[in-house]
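Colleague: Structure incoming, see below.
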Amino acid sequence: NLTWKALQYASSYLDDKERELIMSLVGTVVFYPEEAGRDPEPIAPTITSISQLLYGQAAAKGTDVTEHMLRCNDYTNCDVVTLNTGYTHTPFTAKVETMMRSIADKIATRTAIPNNSAEVGFVNQTTEPVYKMLSIGATIPGSGLSDSLIGQYRGVIAADYAYVFLERNLRLGMAALDKNYTLQQSQRDLANQVRQRAQAMLLQLSQEKGLLYQKVGSFRAVASHLEELERQLRSSMPQHVMDMLGQQAAYLAR
């Protein structure tokens, strides 16, 4: 199993489930011993779009969705790969909304968020100004502003989060396959085809992210909306509060 062995050699910190995920993103080729008299078996990736992570490939129990994943017969050689059509997970749209609400609640209650928490990991894996948006939403307690912002921009955040997740794992797979090790020339050619397909998928995902942004709003819309909200909040503050903020800003700039 080309991808599986490459990931074992190149990424010892990955666990078996993460390797299965990456194999489901980049695909693989299974080579058989000469005495088997069988040609290599190319296996196509099963996760090929952001939308699959956002909405799944079919509905499952409750709010979960099903995803098609490649599955190993064993985690040593993984020389028999089957298609698991019953893998269930929480769609990224719901996962992102839950994470944003958790962060918003902690900001509103002044609860510390540990550095090793899922919330910090989520914020670090998005390119959108998530924390800033939720901080502004919590400025006026009881106003419902935080809920409004989450409902308005969760689609943008989910699309971005899914893209970053897919890009990271695709690049891990491509980097592992970049090592030729002791492959024969025919095997190198097939490995190169898998890498090229993964590279093409990266471009496709980038284009899909742009289309999703057009549907649910863009990063610029988020940023400009937040700037407008900040101006409105500052204009409604009493003068003595504005003076205090100005003094704090001047102190921090020293």
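Starting from 1 in every chain, residues are counted up; chains themselves are A, B, ... following the order of the structure tokens, and ligands are numbered from 1 as listed.
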Running DSSP on the backbone, which parts of region 3-244 of chain A land in strand (DSSP E or B), as a ChimeraX atom specification?

Modeller: /A:28-30,41-43,58-59,65-72,81-89

Colleague: I want to know what sits within 6 Å of region 121-129 of chain A, based on only C-alpha atoms, with residues of the same chain fewer than 3 positions away left out; could you give that as a VMD selection string?

Modeller: chain A and resid 118 132 161

Colleague: Write a file of the selected residues as a PDB file, in the first residue's frame, keeping C-alpha atoms.

Modeller:
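Wrote part-v4.pdb, looks like this:
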```
ATOM      1  CA  ALA A 118     -10.202  22.539  21.449  1.00  0.00           C
ATOM      2  CA  LYS A 132     -12.388  39.216  17.426  1.00  0.00           C
ATOM      3  CA  TYR A 161     -12.100  25.640   8.695  1.00  0.00           C
TER       4      TYR A 161
END
```

Colleague: What's around Leu70 (chain A) at 6 Å? Count only C-alpha atoms, leave out sequence neighbours fewer than 3 positions away in its own chain, and write the answer as a ChimeraX atom specification.

Modeller: /A:24,82-84

Colleague: When you draw a straight line from CA of Ala44 (chain A) to CA of Asp189 (chain A), how long is it in Å?

Modeller: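 Answer for the CA of Ala44 (chain A) to CA of Asp189 (chain A) separation: 15.9 Å.
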
Colleague: If you run DSSP on the backbone here, which positions in region 46-107 of chain A get alpha helix (DSSP H)? Please write them as a PyMOL selection string.

Modeller: chain A and resi 50-55+92-107

Colleague: Report, in Å to a single decimal, how far apart CA of Leu203 (chain A) and CA of Leu166 (chain A) are.

Modeller: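 Distance between the two atoms: 11.7 Å.
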
Colleague: Counting only C-alpha atoms, which residue out of A:Leu134, A:Cys78, A:Ala108, A:Ile50 sits closest to Leu212 (chain A)?

Modeller: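 Of all the options, A:Ile50 lies closest to Leu212 (chain A).
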
Colleague: Any idea what the distance is between CA of Lys17 (chain A) and CA of Gly210 (chain A)?

Modeller: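 Between CA of Lys17 (chain A) and CA of Gly210 (chain A) the gap works out to 29.5 Å.
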
Colleague: With a distance cut-off of 9 Å and only C-alpha atoms, select the neighbouring residues of Ser135 (chain A), excluding the residue or stretch itself and same-chain residues fewer than 5 positions from it, and output the selection as a list in words.

Modeller: Ala104, Ile107, Ala108, Val130 and Ser146 of chain A

Colleague: Write the residues of the preceding selection, restricted to N, CA and C atoms, as a short mmCIF file (atom, residue, chain, number, x, y, z; two decimals), in the first residue's frame.

Modeller:
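Saved as again.cif:
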```
data_model
loop_
_atom_site.label_atom_id
_atom_site.label_comp_id
_atom_site.auth_asym_id
_atom_site.auth_seq_id
_atom_site.Cartn_x
_atom_site.Cartn_y
_atom_site.Cartn_z
N ALA A 104 -17.86 31.98 22.74
CA ALA A 104 -18.65 33.16 23.08
C ALA A 104 -19.10 33.11 24.54
N ILE A 107 -16.14 33.92 26.78
CA ILE A 107 -15.82 35.35 26.77
C ILE A 107 -16.83 36.11 27.62
N ALA A 108 -18.12 35.77 27.47
CA ALA A 108 -19.17 36.48 28.21
C ALA A 108 -19.05 36.28 29.71
N VAL A 130 -12.17 35.05 13.99
CA VAL A 130 -13.23 34.44 14.79
C VAL A 130 -13.27 35.04 16.20
N SER A 146 -24.06 38.45 19.73
CA SER A 146 -23.19 37.29 19.53
C SER A 146 -23.91 36.20 18.74
#
```

Colleague: If we count only C-alpha atoms and set the cut-off at 12 Å, which residues sit around Ile157 (chain A), ignoring sequence neighbours fewer than 2 positions away in its own chain? Please answer as a PyMOL selection string.

Modeller: chain A and resi 54+92-100+122-123+125-131+133+149-155+159-164+209+212-213+216-219+222

Colleague: Ranking A:Leu202, A:Gln207, A:Gly144, A:Ile113 by minimum distance to Asn169 (chain A) and counting only C-alpha atoms, which one comes first?

Modeller: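 Comparing A:Leu202, A:Gln207, A:Gly144, A:Ile113 against Asn169 (chain A), the winner is A:Leu202.
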
Colleague: Do you know which residues are at most 7 Å from Thr85 (chain A) counting only C-alpha atoms, after dropping those on the same chain fewer than 4 positions away, and could you put them as number ranges by chain?

Modeller: A: 67-69

Colleague: Next, the residues of the selection above should be written as a PDB file, in the first residue's frame with all heavy atoms.

Modeller:
```pdb
ATOM      1  N   GLU A  67     -19.915   9.691   5.914  1.00  0.00           N
ATOM      2  CA  GLU A  67     -18.814  10.026   5.013  1.00  0.00           C
ATOM      3  C   GLU A  67     -18.241   8.730   4.472  1.00  0.00           C
ATOM      4  O   GLU A  67     -18.200   7.717   5.170  1.00  0.00           O
ATOM      5  CB  GLU A  67     -17.734  10.776   5.790  1.00  0.00           C
ATOM      6  CG  GLU A  67     -16.872  11.688   4.955  1.00  0.00           C
ATOM      7  CD  GLU A  67     -17.625  12.924   4.514  1.00  0.00           C
ATOM      8  OE1 GLU A  67     -17.966  13.766   5.355  1.00  0.00           O
ATOM      9  OE2 GLU A  67     -17.872  13.028   3.298  1.00  0.00           O
ATOM     10  N   HIS A  68     -17.810   8.738   3.225  1.00  0.00           N
ATOM     11  CA  HIS A  68     -17.161   7.568   2.647  1.00  0.00           C
ATOM     12  C   HIS A  68     -15.666   7.643   2.938  1.00  0.00           C
ATOM     13  O   HIS A  68     -15.000   8.614   2.587  1.00  0.00           O
ATOM     14  CB  HIS A  68     -17.403   7.515   1.141  1.00  0.00           C
ATOM     15  CG  HIS A  68     -18.841   7.299   0.779  1.00  0.00           C
ATOM     16  ND1 HIS A  68     -19.291   7.271  -0.526  1.00  0.00           N
ATOM     17  CD2 HIS A  68     -19.937   7.088   1.556  1.00  0.00           C
ATOM     18  CE1 HIS A  68     -20.594   7.055  -0.527  1.00  0.00           C
ATOM     19  NE2 HIS A  68     -21.005   6.949   0.720  1.00  0.00           N
ATOM     20  N   MET A  69     -15.154   6.605   3.585  1.00  0.00           N
ATOM     21  CA  MET A  69     -13.753   6.576   3.984  1.00  0.00           C
ATOM     22  C   MET A  69     -13.109   5.280   3.518  1.00  0.00           C
ATOM     23  O   MET A  69     -13.760   4.231   3.444  1.00  0.00           O
ATOM     24  CB  MET A  69     -13.637   6.659   5.512  1.00  0.00           C
ATOM     25  CG  MET A  69     -14.163   7.937   6.122  1.00  0.00           C
ATOM     26  SD  MET A  69     -12.964   9.281   6.043  1.00  0.00           S
ATOM     27  CE  MET A  69     -11.765   8.710   7.245  1.00  0.00           C
TER      28      MET A  69
END
```

Colleague: Could you give me, as a PyMOL selection string, the residues within 10 Å of region 7-10 of chain A, counting only C-alpha atoms and dropping anything in the same chain fewer than 5 positions from it?

Modeller: chain A and resi 2+15-16+18-20+22-23+75-77+172-179+181

Colleague: Counting only C-alpha atoms, give me one row per residue of region 33-134 of chain A with an atom at most 6 Å from an atom of region 26-29 of chain A, showing the shortest contact pair and its distance in Å to one decimal, sorted by chain then residue number, as CSV.

Modeller:
```
residue,atom,partner,partner_atom,distance
A:Glu41,CA,A:Val29,CA,5.4
A:Pro42,CA,A:Val29,CA,4.3
A:Ile43,CA,A:Thr28,CA,5.2
A:Ala44,CA,A:Gly27,CA,4.7
A:Pro45,CA,A:Gly27,CA,4.1
```
